[in-house]
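What's in run.cif: mmCIF, C-alpha atoms and all ligand atoms
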```
data_coords
#
loop_
_atom_site.label_atom_id
_atom_site.label_comp_id
_atom_site.auth_asym_id
_atom_site.auth_seq_id
_atom_site.Cartn_x
_atom_site.Cartn_y
_atom_site.Cartn_z
CA MET A 103 2.00 20.41 -14.73
CA THR A 104 3.45 22.43 -11.87
CA ARG A 105 7.13 22.32 -11.10
CA ILE A 106 6.52 19.96 -8.13
CA GLU A 107 4.43 17.60 -10.27
CA GLN A 108 7.19 17.40 -12.87
CA ALA A 109 9.80 16.82 -10.15
CA LYS A 110 7.68 14.06 -8.59
CA LYS A 111 7.50 12.36 -12.00
CA GLY A 112 11.28 12.40 -12.19
CA ILE A 113 11.43 15.07 -14.92
CA LEU A 114 14.61 17.11 -14.69
CA THR A 115 13.76 20.33 -16.53
CA ASP A 116 16.24 22.82 -18.02
CA GLU A 117 15.04 25.28 -15.40
CA LEU A 118 16.06 22.95 -12.56
CA ARG A 119 19.41 22.23 -14.22
CA GLN A 120 20.09 25.98 -14.40
CA VAL A 121 19.09 26.48 -10.76
CA ALA A 122 21.34 23.57 -9.72
CA THR A 123 24.29 25.06 -11.61
CA ARG A 124 23.75 28.45 -10.01
CA GLU A 125 23.46 26.93 -6.54
CA GLY A 126 26.42 24.61 -7.09
CA ILE A 127 24.40 21.53 -6.14
CA ASP A 128 23.61 18.28 -7.88
CA ALA A 129 20.62 18.65 -10.26
CA GLU A 130 19.12 15.32 -9.22
CA ALA A 131 19.33 16.28 -5.54
CA LEU A 132 17.57 19.55 -6.38
CA ARG A 133 14.82 17.69 -8.28
CA GLN A 134 14.33 15.40 -5.27
CA GLY A 135 14.19 18.39 -2.92
CA VAL A 136 11.53 20.06 -5.08
CA ALA A 137 9.57 16.79 -5.29
CA ASP A 138 9.51 16.30 -1.52
CA GLY A 139 8.96 20.01 -0.79
CA THR A 140 12.17 20.71 1.14
CA ILE A 141 13.32 23.07 -1.62
CA ALA A 142 11.01 25.71 -3.08
CA VAL A 143 11.79 26.91 -6.60
CA VAL A 144 9.75 30.03 -7.10
CA ARG A 145 8.69 31.73 -10.33
CA ASN A 146 5.28 32.51 -11.78
CA THR A 147 4.80 30.78 -15.15
CA GLN A 148 4.36 34.20 -16.76
CA ARG A 149 7.66 35.68 -15.64
CA ASP A 150 11.17 35.30 -16.94
CA PHE A 151 14.08 35.59 -14.50
CA ALA A 152 16.48 33.21 -12.77
CA PRO A 153 14.07 31.45 -10.36
CA LEU A 154 14.41 31.85 -6.60
CA ALA A 155 15.50 28.62 -4.88
CA ILE A 156 15.04 28.40 -1.12
CA GLY A 157 15.55 25.42 1.13
CA ALA A 158 17.89 22.61 2.02
CA LYS A 159 21.47 22.83 0.69
CA THR A 160 20.87 26.10 -1.18
CA ARG A 161 22.39 29.48 -0.40
CA ILE A 162 20.37 31.39 2.20
CA LYS A 163 18.30 33.98 0.35
CA ILE A 164 17.18 37.41 1.45
CA ASN A 165 14.05 39.43 0.80
CA ALA A 166 13.58 43.20 0.85
CA ASN A 167 10.16 44.64 1.66
CA ILE A 168 9.18 47.80 -0.17
CA GLY A 169 5.81 49.49 -0.64
CA THR A 170 3.78 52.62 -0.11
CA SER A 171 1.86 53.73 2.95
CA SER A 172 -0.79 56.39 3.50
CA SER A 173 2.02 58.81 4.48
CA ARG A 174 3.95 58.35 1.22
CA ALA A 175 2.79 56.72 -2.00
CA SER A 176 5.23 57.29 -4.86
CA ILE A 177 5.66 54.59 -7.51
CA ASP A 178 8.96 56.14 -8.61
CA GLU A 179 10.38 56.01 -5.09
CA GLU A 180 9.31 52.39 -4.62
CA MET A 181 10.91 51.45 -7.95
CA GLU A 182 14.10 53.18 -6.82
CA LYS A 183 14.01 51.15 -3.58
CA MET A 184 13.60 47.97 -5.62
CA GLN A 185 16.56 48.88 -7.85
CA VAL A 186 18.78 49.69 -4.87
CA ALA A 187 17.78 46.45 -3.12
CA VAL A 188 18.55 44.39 -6.22
CA ARG A 189 21.82 46.21 -6.87
CA HIS A 190 22.94 45.34 -3.35
CA GLY A 191 22.12 41.68 -3.73
CA CYS A 192 18.61 40.89 -2.50
CA ASP A 193 17.07 37.74 -3.98
CA ALA A 194 13.40 38.72 -3.71
CA VAL A 195 11.29 41.82 -3.23
CA MET A 196 7.95 41.93 -1.49
CA ASP A 197 5.54 44.72 -2.37
CA LEU A 198 3.71 45.62 0.84
CA SER A 199 1.99 48.70 -0.58
CA THR A 200 -1.12 49.84 1.23
CA ALA A 201 -1.79 53.19 -0.48
CA GLY A 202 -2.03 54.59 -4.00
CA ASP A 203 -2.99 52.49 -7.02
CA LEU A 204 -1.90 49.07 -5.76
CA ALA A 205 -2.41 47.27 -9.09
CA ALA A 206 -0.35 49.91 -10.92
CA ILE A 207 2.49 49.67 -8.38
CA ARG A 208 2.49 45.88 -8.78
CA LYS A 209 2.45 46.15 -12.57
CA ALA A 210 5.46 48.49 -12.55
CA LEU A 211 7.29 46.14 -10.21
CA ILE A 212 6.52 43.05 -12.28
CA GLU A 213 7.75 44.82 -15.41
CA GLN A 214 10.94 46.18 -13.91
CA CYS A 215 12.05 43.79 -11.16
CA PRO A 216 14.62 41.13 -12.17
CA VAL A 217 14.10 38.95 -9.06
CA ALA A 218 11.17 37.10 -7.44
CA ILE A 219 8.22 39.23 -6.33
CA GLY A 220 5.95 38.51 -3.37
CA THR A 221 2.78 40.24 -2.21
CA VAL A 222 0.27 40.08 0.64
CA PRO A 223 -3.18 40.00 -0.99
CA LEU A 224 -4.87 40.84 2.33
CA TYR A 225 -3.63 44.43 1.95
CA GLU A 226 -5.35 44.64 -1.41
CA MET A 227 -8.48 43.14 0.15
CA ALA A 228 -8.50 45.95 2.71
CA ASP A 229 -7.98 48.50 -0.07
CA PHE A 230 -10.74 46.90 -2.17
CA ALA A 231 -13.16 47.18 0.73
CA LYS A 232 -12.24 50.85 1.21
CA ARG A 233 -12.75 51.61 -2.49
CA HIS A 234 -16.16 49.93 -2.37
CA LYS A 235 -17.07 51.91 0.73
CA LYS A 236 -17.44 48.97 3.01
CA SER A 237 -15.58 47.51 5.92
CA ILE A 238 -12.94 44.81 5.38
CA LEU A 239 -15.15 42.76 7.72
CA GLU A 240 -17.84 42.69 5.01
CA LEU A 241 -15.54 41.19 2.41
CA THR A 242 -16.88 37.90 1.03
CA SER A 243 -14.78 34.82 0.36
CA ASP A 244 -15.47 35.16 -3.40
CA GLU A 245 -14.01 38.66 -3.30
CA MET A 246 -10.97 37.37 -1.42
CA PHE A 247 -10.31 34.59 -3.92
CA ALA A 248 -10.80 36.99 -6.86
CA ILE A 249 -8.03 39.20 -5.44
CA VAL A 250 -5.73 36.21 -4.91
CA GLU A 251 -6.30 35.21 -8.55
CA GLU A 252 -5.69 38.77 -9.74
CA HIS A 253 -2.24 38.74 -8.11
CA CYS A 254 -1.40 35.37 -9.68
CA ALA A 255 -2.65 36.40 -13.13
CA GLN A 256 -0.69 39.63 -12.96
CA GLY A 257 2.57 37.68 -12.47
CA VAL A 258 3.37 37.68 -8.72
CA ASP A 259 5.69 34.78 -7.84
CA PHE A 260 4.74 34.12 -4.21
CA LEU A 261 1.87 35.18 -1.99
CA THR A 262 1.87 35.54 1.76
CA LEU A 263 -1.47 34.16 2.90
CA HIS A 264 -2.49 33.96 6.54
CA CYS A 265 -4.27 30.62 6.35
CA GLY A 266 -3.28 29.59 9.89
CA VAL A 267 -5.37 32.32 11.51
CA THR A 268 -8.49 30.32 12.31
CA LEU A 269 -11.42 30.37 14.71
CA GLN A 270 -9.43 28.07 16.99
CA THR A 271 -6.12 29.96 16.86
CA VAL A 272 -7.91 33.30 17.36
CA ALA A 273 -9.57 31.82 20.48
CA ARG A 274 -6.13 30.74 21.69
CA PHE A 275 -4.75 34.22 21.01
CA ARG A 276 -7.49 35.75 23.18
CA GLU A 277 -6.78 33.24 25.93
CA VAL A 278 -2.97 33.61 26.18
CA GLY A 279 -2.99 37.36 26.92
CA ARG A 280 0.20 38.65 25.36
CA LEU A 281 2.08 41.79 26.35
CA ALA A 282 2.36 43.13 22.78
CA GLY A 283 -0.29 41.34 20.71
CA ALA A 284 0.64 40.34 17.18
CA VAL A 285 2.52 42.44 14.60
CA SER A 286 1.54 40.85 11.31
CA ARG A 287 -0.60 43.41 9.46
CA GLY A 288 -2.29 40.77 7.28
CA GLY A 289 -2.63 38.43 10.24
CA THR A 290 -4.37 41.00 12.39
CA ILE A 291 -6.77 41.96 9.55
CA MET A 292 -7.74 38.30 9.28
CA MET A 293 -7.97 37.92 13.07
CA GLU A 294 -10.42 40.79 13.22
CA TRP A 295 -12.45 39.43 10.29
CA ILE A 296 -12.81 36.08 12.06
CA HIS A 297 -13.49 37.58 15.49
CA ARG A 298 -16.16 40.06 14.37
CA ASN A 299 -17.87 37.78 11.84
CA ARG A 300 -17.66 34.68 14.05
CA LYS A 301 -16.82 32.77 10.86
CA GLU A 302 -13.93 30.59 9.75
CA ASN A 303 -11.10 32.11 7.69
CA PRO A 304 -12.09 31.50 4.04
CA LEU A 305 -8.42 30.97 3.12
CA PHE A 306 -8.36 28.08 5.62
CA GLU A 307 -11.89 26.76 5.12
CA HIS A 308 -11.54 26.70 1.32
CA TYR A 309 -7.82 26.00 1.20
CA ASP A 310 -8.22 23.55 -1.69
CA ARG A 311 -9.80 26.31 -3.77
CA LEU A 312 -6.80 28.48 -2.97
CA LEU A 313 -4.40 25.70 -4.00
CA GLU A 314 -6.22 25.29 -7.32
CA ILE A 315 -5.67 28.95 -8.15
CA LEU A 316 -2.00 28.84 -7.13
CA ALA A 317 -1.37 25.66 -9.14
CA ARG A 318 -2.79 27.26 -12.29
CA TYR A 319 0.05 29.82 -12.30
CA ASP A 320 2.61 27.75 -10.39
CA VAL A 321 2.66 30.46 -7.73
CA ALA A 322 4.12 29.59 -4.31
CA VAL A 323 2.28 30.09 -1.05
CA SER A 324 4.25 31.65 1.77
CA LEU A 325 2.21 30.52 4.77
CA GLY A 326 2.12 33.63 6.92
CA ASP A 327 2.62 33.70 10.67
CA GLY A 328 -0.43 35.80 11.43
CA PHE A 329 0.19 35.76 15.19
CA ARG A 330 3.80 36.97 14.85
CA PRO A 331 4.75 38.19 18.35
CA GLY A 332 5.87 41.79 18.67
CA ALA A 333 7.83 41.36 21.89
CA LEU A 334 10.49 38.97 23.14
CA CYS A 335 8.36 37.98 26.13
CA ASP A 336 5.57 36.73 23.83
CA ALA A 337 7.88 34.59 21.68
CA SER A 338 7.34 30.84 21.31
CA ASP A 339 4.02 30.90 23.18
CA ARG A 340 1.13 28.49 22.73
CA VAL A 341 -0.61 30.51 20.04
CA GLN A 342 2.56 30.81 17.93
CA ILE A 343 3.19 27.07 18.14
CA GLU A 344 -0.48 26.21 17.57
CA GLU A 345 -0.51 28.30 14.38
CA LEU A 346 2.71 26.62 13.28
CA THR A 347 1.07 23.22 13.79
CA VAL A 348 -1.78 24.32 11.49
CA LEU A 349 0.76 25.56 8.93
CA GLY A 350 2.48 22.16 9.04
CA GLU A 351 -0.82 20.53 8.03
CA LEU A 352 -1.28 23.09 5.25
CA VAL A 353 2.23 22.39 3.94
CA LYS A 354 1.28 18.72 3.64
CA ARG A 355 -1.89 19.56 1.72
CA ALA A 356 -0.02 21.96 -0.60
CA ARG A 357 2.53 19.26 -1.38
CA ALA A 358 -0.23 16.75 -2.12
CA ARG A 359 -1.74 19.24 -4.61
CA ASN A 360 1.69 19.97 -6.14
CA VAL A 361 1.77 23.58 -4.95
CA THR A 362 5.07 25.07 -3.80
CA SER A 363 4.93 26.18 -0.18
CA PHE A 364 7.13 27.58 2.52
CA VAL A 365 6.52 28.82 6.04
CA GLU A 366 6.93 32.24 7.60
CA GLY A 367 8.19 32.73 11.13
CA PRO A 368 9.03 35.37 13.70
CA GLY A 369 9.65 38.21 14.37
CA HIS A 370 10.81 39.01 17.88
CA VAL A 371 12.70 36.12 19.50
CA PRO A 372 15.22 36.10 22.40
CA LEU A 373 18.59 34.93 21.12
CA ASN A 374 18.47 31.80 23.28
CA GLN A 375 15.18 30.72 21.61
CA VAL A 376 16.18 31.26 17.98
CA VAL A 377 17.63 27.79 17.37
CA ALA A 378 14.64 26.09 19.02
CA ASN A 379 12.26 28.07 16.80
CA ILE A 380 13.97 26.78 13.68
CA GLN A 381 14.03 23.20 14.95
CA ILE A 382 10.34 23.32 15.88
CA GLU A 383 9.38 24.64 12.43
CA LYS A 384 11.44 21.99 10.67
CA THR A 385 9.83 19.28 12.80
CA LEU A 386 6.21 20.47 12.62
CA CYS A 387 6.35 21.40 8.92
CA ASP A 388 8.27 18.38 7.59
CA ASN A 389 11.40 20.39 6.73
CA ALA A 390 9.53 22.97 4.67
CA PRO A 391 11.73 25.97 3.80
CA PHE A 392 11.56 28.52 6.62
CA TYR A 393 11.31 32.26 5.98
CA VAL A 394 11.98 34.41 9.04
CA LEU A 395 11.53 38.14 9.59
CA GLY A 396 14.86 39.06 11.13
CA PRO A 397 14.36 37.73 13.75
CA LEU A 398 14.98 40.66 16.10
CA VAL A 399 16.77 39.51 19.23
CA THR A 400 15.95 42.58 21.30
CA ASP A 401 13.03 45.01 21.44
CA VAL A 402 15.10 48.07 22.38
CA SER A 403 16.85 48.70 19.05
CA PRO A 404 14.59 51.01 16.96
CA GLY A 405 16.96 52.97 14.73
CA TYR A 406 19.30 49.94 14.74
CA ASP A 407 16.81 47.13 14.18
CA HIS A 408 18.73 46.01 11.08
CA ILE A 409 21.58 45.07 13.45
CA ALA A 410 19.29 43.26 15.93
CA ALA A 411 17.77 41.40 12.96
CA ALA A 412 21.15 40.50 11.46
CA ILE A 413 22.22 38.95 14.77
CA GLY A 414 19.03 36.88 14.86
CA GLY A 415 19.23 36.12 11.13
CA ALA A 416 22.77 34.78 11.38
CA VAL A 417 21.86 32.43 14.24
CA ALA A 418 18.61 31.41 12.54
CA GLY A 419 20.44 30.75 9.28
CA MET A 420 23.11 28.70 11.02
CA ALA A 421 20.33 26.62 12.62
CA GLY A 422 18.59 25.97 9.31
CA ALA A 423 16.44 28.97 8.32
CA ASP A 424 16.44 29.28 4.54
CA PHE A 425 15.13 32.74 3.68
CA LEU A 426 15.70 35.93 5.68
CA CYS A 427 13.44 38.93 5.39
CA TYR A 428 15.49 42.04 5.92
CA VAL A 429 14.77 44.65 8.56
CA THR A 430 15.76 48.28 8.00
CA PRO A 431 16.95 50.90 10.52
CA ALA A 432 13.51 52.52 10.05
CA GLU A 433 11.63 49.48 11.42
CA HIS A 434 9.06 50.47 14.06
CA LEU A 435 9.70 54.17 13.28
CA ARG A 436 8.66 55.13 9.73
CA LEU A 437 8.34 53.95 6.13
CA PRO A 438 11.90 53.11 5.02
CA SER A 439 13.75 55.49 2.69
CA VAL A 440 15.92 54.35 -0.22
CA ASP A 441 18.96 54.55 2.05
CA ASP A 442 17.24 52.51 4.77
CA VAL A 443 16.55 49.81 2.17
CA ARG A 444 20.24 49.70 1.22
CA GLU A 445 21.30 49.38 4.87
CA GLY A 446 18.74 46.67 5.50
CA VAL A 447 19.78 44.60 2.49
CA ILE A 448 23.47 44.78 3.38
CA ALA A 449 22.85 43.82 7.03
CA SER A 450 20.74 40.87 5.94
CA ARG A 451 23.30 39.75 3.36
CA ILE A 452 26.01 39.76 6.02
CA ALA A 453 23.80 37.58 8.26
CA ALA A 454 22.99 35.17 5.43
CA HIS A 455 26.60 34.86 4.31
CA ALA A 456 27.87 34.35 7.87
CA ALA A 457 25.36 31.52 8.25
CA ASP A 458 26.30 30.03 4.86
CA VAL A 459 29.93 29.93 6.01
CA ALA A 460 28.93 28.33 9.32
CA ARG A 461 26.82 25.74 7.48
CA GLY A 462 29.78 24.91 5.23
CA LEU A 463 27.93 25.85 2.04
CA PRO A 464 30.28 25.04 -0.84
CA GLY A 465 31.89 28.24 -2.11
CA ALA A 466 30.86 30.44 0.83
CA ILE A 467 34.19 30.64 2.68
CA GLU A 468 36.01 31.22 -0.62
CA TRP A 469 34.65 34.78 -0.75
CA ASP A 470 36.17 35.47 2.71
CA ASN A 471 39.43 33.81 1.70
CA ALA A 472 39.67 35.95 -1.43
CA ILE A 473 39.27 39.22 0.46
CA SER A 474 41.65 38.05 3.20
CA LYS A 475 44.29 37.31 0.57
CA ALA A 476 43.76 40.76 -0.97
CA LYS A 477 44.06 42.37 2.50
CA MET A 478 47.35 40.56 3.10
CA GLU A 479 48.59 41.84 -0.27
CA LEU A 480 47.28 45.34 0.54
CA ASP A 481 45.61 45.17 -2.90
CA TRP A 482 43.10 47.93 -2.28
CA GLU A 483 41.25 47.73 -5.59
CA ARG A 484 40.61 44.05 -5.02
CA ILE A 485 39.71 44.55 -1.34
CA LEU A 486 37.15 47.21 -2.23
CA SER A 487 35.64 45.18 -5.04
CA LEU A 488 35.16 42.16 -2.75
CA CYS A 489 33.43 44.02 0.11
CA VAL A 490 29.75 43.30 0.67
CA ASP A 491 29.13 47.02 0.03
CA PRO A 492 31.92 48.21 -2.31
CA GLU A 493 30.39 51.69 -2.67
CA LYS A 494 30.49 52.41 1.07
CA ALA A 495 33.93 50.84 1.50
CA ARG A 496 35.38 53.02 -1.27
CA ARG A 497 33.70 56.13 0.13
CA TYR A 498 35.19 55.43 3.57
CA ARG A 499 38.70 54.81 2.24
CA GLN A 500 38.63 57.96 0.14
CA SER A 501 37.24 60.11 2.94
CA LEU A 502 40.50 59.89 4.93
CA PRO A 503 43.38 58.67 2.77
CA PRO A 504 46.62 57.45 4.42
CA ALA A 505 49.31 60.04 5.00
CA GLY A 506 52.35 59.26 2.87
CA ASP A 507 52.32 55.55 1.92
CA ASP A 508 49.05 54.94 0.08
CA SER A 509 49.49 51.17 0.13
CA LEU A 510 48.30 51.42 3.77
CA CYS A 511 45.17 52.92 5.25
CA SER A 512 44.69 55.76 7.71
CA MET A 513 43.77 53.43 10.58
CA CYS A 514 47.33 52.54 11.68
CA GLY A 515 49.46 54.28 9.05
CA GLN A 516 53.14 53.52 9.60
CA TYR A 517 52.20 50.92 12.24
CA CYS A 518 50.34 48.81 9.68
CA ALA A 519 50.20 45.35 11.25
CA VAL A 520 49.70 43.65 7.91
CA LYS A 521 52.89 45.11 6.52
CA ARG A 522 54.87 44.20 9.65
CA SER A 523 53.53 40.64 9.92
CA ARG A 524 54.24 40.15 6.22
CA ALA A 525 57.83 41.28 6.78
CA VAL A 526 58.18 38.74 9.61
CA ALA A 527 56.59 35.88 7.67
CA GLU A 528 58.58 36.41 4.46
S1 LIG B 601 46.94 50.24 8.33
FE1 LIG B 601 46.04 48.96 9.92
S2 LIG B 601 43.87 48.77 9.33
FE2 LIG B 601 44.99 49.57 7.56
S3 LIG B 601 45.56 47.77 6.38
FE3 LIG B 601 47.29 48.12 7.73
S4 LIG B 601 46.84 46.88 9.56
FE4 LIG B 601 44.93 47.04 8.41
#
```
For the structure just supplied, provide its representation as structure tokens.
Amino acid sequence: MTRIEQAKKGILTDELRQVATREGIDAEALRQGVADGTIAVVRNTQRDFAPLAIGAKTRIKINANIGTSSSRASIDEEMEKMQVAVRHGCDAVMDLSTAGDLAAIRKALIEQCPVAIGTVPLYEMADFAKRHKKSILELTSDEMFAIVEEHCAQGVDFLTLHCGVTLQTVARFREVGRLAGAVSRGGTIMMEWIHRNRKENPLFEHYDRLLEILARYDVAVSLGDGFRPGALCDASDRVQIEELTVLGELVKRARARNVTSFVEGPGHVPLNQVVANIQIEKTLCDNAPFYVLGPLVTDVSPGYDHIAAAIGGAVAGMAGADFLCYVTPAEHLRLPSVDDVREGVIASRIAAHAADVARGLPGAIEWDNAISKAKMELDWERILSLCVDPEKARRYRQSLPPAGDDSLCSMCGQYCAVKRSRAVAE
């Protein structure tokens, strides 16, 4: 039985009890959320870690993308990125490798990563075609499903699959005429496969076959937004909404087959459209957990895209998004370095926490209150330990210590407002 099937039968497993305790929510409410699909609890049956819970009433989670490209393909460096991302608090890691020995990279990640792992099997399909000296366009549906099963059998916890890219949505994409096309790598591979072969997407046409494979390993499907816009002016257009409507249908079918599902979303969205995007997803997809990339609220921020994404992520989270994919300062410019990964994770955690506070998540504001109390007491050890990035905070404080009184900091020195206001209040 999959986790959803057990939840539907009213079985409250030890796993769900542990997740409920960690999330600080009622175990029975969690079981009900899993049963009706509004909460996704994610872990491959073959792995052993504290499962990832995303959805209603849970803490907003964040994902860090790592992975090789043809310009750089070092397993050691990708493992270092994973460790840095986990150390700084990410809840999931997606391996988006497109170069090197993809199965070996995945194996290393599965063995070493203590959080949920996601992949995009379409990248492996493209690599498989290259290794077999044929075009991705010649890939058969049997080959596609074999690769999906390989990822599940290896121990991946969730798969991004672009099932909403169909003959009909590709036709709509051609008709709308966007400024900046689509920026989902897997989505565009599938778009081209459909367009050139004039055939239906096998992952859509044989969706039940896909669900059977996923159910066997209790692997979650992250329904990819294959037409993810790459520019603000293309956001929320007819093709994006049409794909989302298809994904809503696929969520329903996944739930009926007891397969955990959630939905991916944009991307590039003007700030004034972020809330509407969340509301539309929740309506069209029956409150399925929503996983957004950023979203970036401006297109002009390469070098600072982690900031543009954190602004969008905070607003999206406040409006009901459940899972934020980080964006690094390297977005749009190069493969991220280890340091870019750290910056991206921290920016995304700030966005998620700000939204948790705004949503009134039990326990969220207490973190802020604790650091505020420490600031008022000028208890520097405690302040530094409670920062979202204690390492950076300590480095900054030590780089320019206060002159004279070291209970202060070098910002205001003798004019320390905290000290003066404390003197007035006491
Ligand atoms: S010196 Fe200024 S910045 Fe530093 S703790 Fe006091 S009030 Fe805050």
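Within the 10 Å cut-off around Ile168 of chain A, using only C-alpha atoms and omitting residues fewer than 2 positions from it on the same chain, the listed residues are Asn165, Ala166, Thr170, Ser171, Glu179, Glu180, Met181, Glu182, Lys183, Met184, Ala187, Val195, Met196, Asp197, Leu198, Ser199, Leu437, Pro438, Ser439, Val440 and Val443 of chain A.
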Counting only C-alpha atoms, what is within 8 Å of segment 235-245 of chain A, bar same-chain residues fewer than 5 positions away, as a short mmCIF file (atom, residue, chain, number, x, y, z; two decimals) with C-alpha atoms, in the coordinates of the input?
```cif
data_model
loop_
_atom_site.label_atom_id
_atom_site.label_comp_id
_atom_site.auth_asym_id
_atom_site.auth_seq_id
_atom_site.Cartn_x
_atom_site.Cartn_y
_atom_site.Cartn_z
CA MET A 227 -8.48 43.14 0.15
CA ALA A 228 -8.50 45.95 2.71
CA ILE A 291 -6.77 41.96 9.55
CA GLU A 294 -10.42 40.79 13.22
CA TRP A 295 -12.45 39.43 10.29
CA ARG A 298 -16.16 40.06 14.37
CA ASN A 299 -17.87 37.78 11.84
CA PRO A 304 -12.09 31.50 4.04
CA LEU A 305 -8.42 30.97 3.12
#
```
*asked:* Distance limit 7 Å, reference ligand LIG 601 (chain B), atoms considered: all atoms listed in the file. Which residues make the cut? Give them as a list of chain:residue names.
replied: A:Lys477, A:Leu480, A:Leu510, A:Cys511, A:Ser512, A:Met513, A:Cys514, A:Gly515, A:Tyr517, A:Cys518, A:Ala519, A:Val520, A:Lys521
_d(atom CA of Ala356 of chain A, atom CA of Asp339 of chain A) in Å_ = 25.7 Å
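Between Arg461 of chain A and the residues A:Ala418, A:Thr362, A:Val402, A:Gly332, the shortest atom-to-atom distance, using all atoms listed in the file, involves A:Ala418.
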*Could you work out how far atom CA of Ala317 of chain A lies from atom CA of Gly257 of chain A, giving the answer in Å with one decimal?*
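It comes out at 13.1 Å.
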*Quick one: residues within 10 Å of Ile177 of chain A, all atoms listed in the file counted, chain neighbours fewer than 6 positions away excluded, as a list in words?*
Gly169, Thr170, Lys183, Ser199, Gly202, Asp203, Leu204, Ala206, Ile207, Arg208, Ala210 and Leu211 of chain A
Who sits within 6 Å of segment 318-325 of chain A, only C-alpha atoms, same chain under 5 positions skipped, as a PDB file with C-alpha atoms, in the frame of the given file:
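See result06.pdb below for the written result:
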```
ATOM      1  CA  THR A 104       3.450  22.430 -11.870  1.00  0.00           C
ATOM      2  CA  ASN A 146       5.280  32.510 -11.780  1.00  0.00           C
ATOM      3  CA  THR A 147       4.800  30.780 -15.150  1.00  0.00           C
ATOM      4  CA  ASP A 259       5.690  34.780  -7.840  1.00  0.00           C
ATOM      5  CA  PHE A 260       4.740  34.120  -4.210  1.00  0.00           C
ATOM      6  CA  LEU A 261       1.870  35.180  -1.990  1.00  0.00           C
ATOM      7  CA  THR A 262       1.870  35.540   1.760  1.00  0.00           C
ATOM      8  CA  LEU A 263      -1.470  34.160   2.900  1.00  0.00           C
ATOM      9  CA  THR A 362       5.070  25.070  -3.800  1.00  0.00           C
ATOM     10  CA  SER A 363       4.930  26.180  -0.180  1.00  0.00           C
ATOM     11  CA  PHE A 364       7.130  27.580   2.520  1.00  0.00           C
ATOM     12  CA  VAL A 365       6.520  28.820   6.040  1.00  0.00           C
ATOM     13  CA  GLU A 366       6.930  32.240   7.600  1.00  0.00           C
TER      14      GLU A 366
END
```
*Separation of atom CA of Arg149 of chain A from atom CA of Met103 of chain A in Å*: 16.3 Å
*Top pick for closest residue to Tyr225 of chain A, considering A:Ser176, A:Gln270, A:Ser286, A:Asn303 and counting all atoms listed in the file*: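 Ranking A:Ser176, A:Gln270, A:Ser286, A:Asn303 by distance to Tyr225 of chain A, first place goes to A:Ser286.
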*Find the residue from A:Gly157, A:Gly462, A:Gly288, A:Pro372 that sits nearest to Gly422 of chain A; use all atoms listed in the file when measuring.*
A:Gly157
_Measuring between all atoms listed in the file, which one of A:Asp116, A:Asp401, A:Glu302, A:Asp310 shows the shortest distance to Ala337 of chain A?_
A:Asp401
_All residues 12 Å or closer to Glu479 of chain A, all atoms listed in the file, same chain fewer than 5 positions away omitted, as an MDAnalysis selection string_ = chainID A and resid 472:474 484:485 509:510 520:525
*Using all atoms listed in the file, pick whichever of A:Arg357, A:Arg233, A:Lys163, A:Arg300 has the shortest atom-to-atom distance to Cys192 of chain A.*
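Answer, going by the shortest atom-to-atom distance: A:Lys163.
Of the residues under consideration (A:Gln120, A:Asn471, A:Thr347, A:Asn374), A:Asn471 shows the shortest atom-to-atom contact distance to Val459 of chain A when counting only C-alpha atoms.
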Coordinate excerpt as an mmCIF file, in the first residue's frame: segment 125-137 of chain A, C-alpha atoms:
```
data_model
loop_
_atom_site.group_PDB
_atom_site.id
_atom_site.type_symbol
_atom_site.label_atom_id
_atom_site.label_comp_id
_atom_site.auth_asym_id
_atom_site.auth_seq_id
_atom_site.Cartn_x
_atom_site.Cartn_y
_atom_site.Cartn_z
ATOM 1 C CA GLU A 125 5.710 19.898 11.904
ATOM 2 C CA GLY A 126 3.914 20.662 15.165
ATOM 3 C CA ILE A 127 0.523 19.695 13.730
ATOM 4 C CA ASP A 128 -2.136 17.222 14.734
ATOM 5 C CA ALA A 129 -1.352 13.709 13.419
ATOM 6 C CA GLU A 130 -4.954 13.053 12.425
ATOM 7 C CA ALA A 131 -5.093 16.324 10.463
ATOM 8 C CA LEU A 132 -1.889 15.284 8.687
ATOM 9 C CA ARG A 133 -3.351 11.861 7.845
ATOM 10 C CA GLN A 134 -6.445 13.555 6.416
ATOM 11 C CA GLY A 135 -4.287 15.955 4.379
ATOM 12 C CA VAL A 136 -2.299 13.042 2.929
ATOM 13 C CA ALA A 137 -5.526 11.141 2.180
#
```
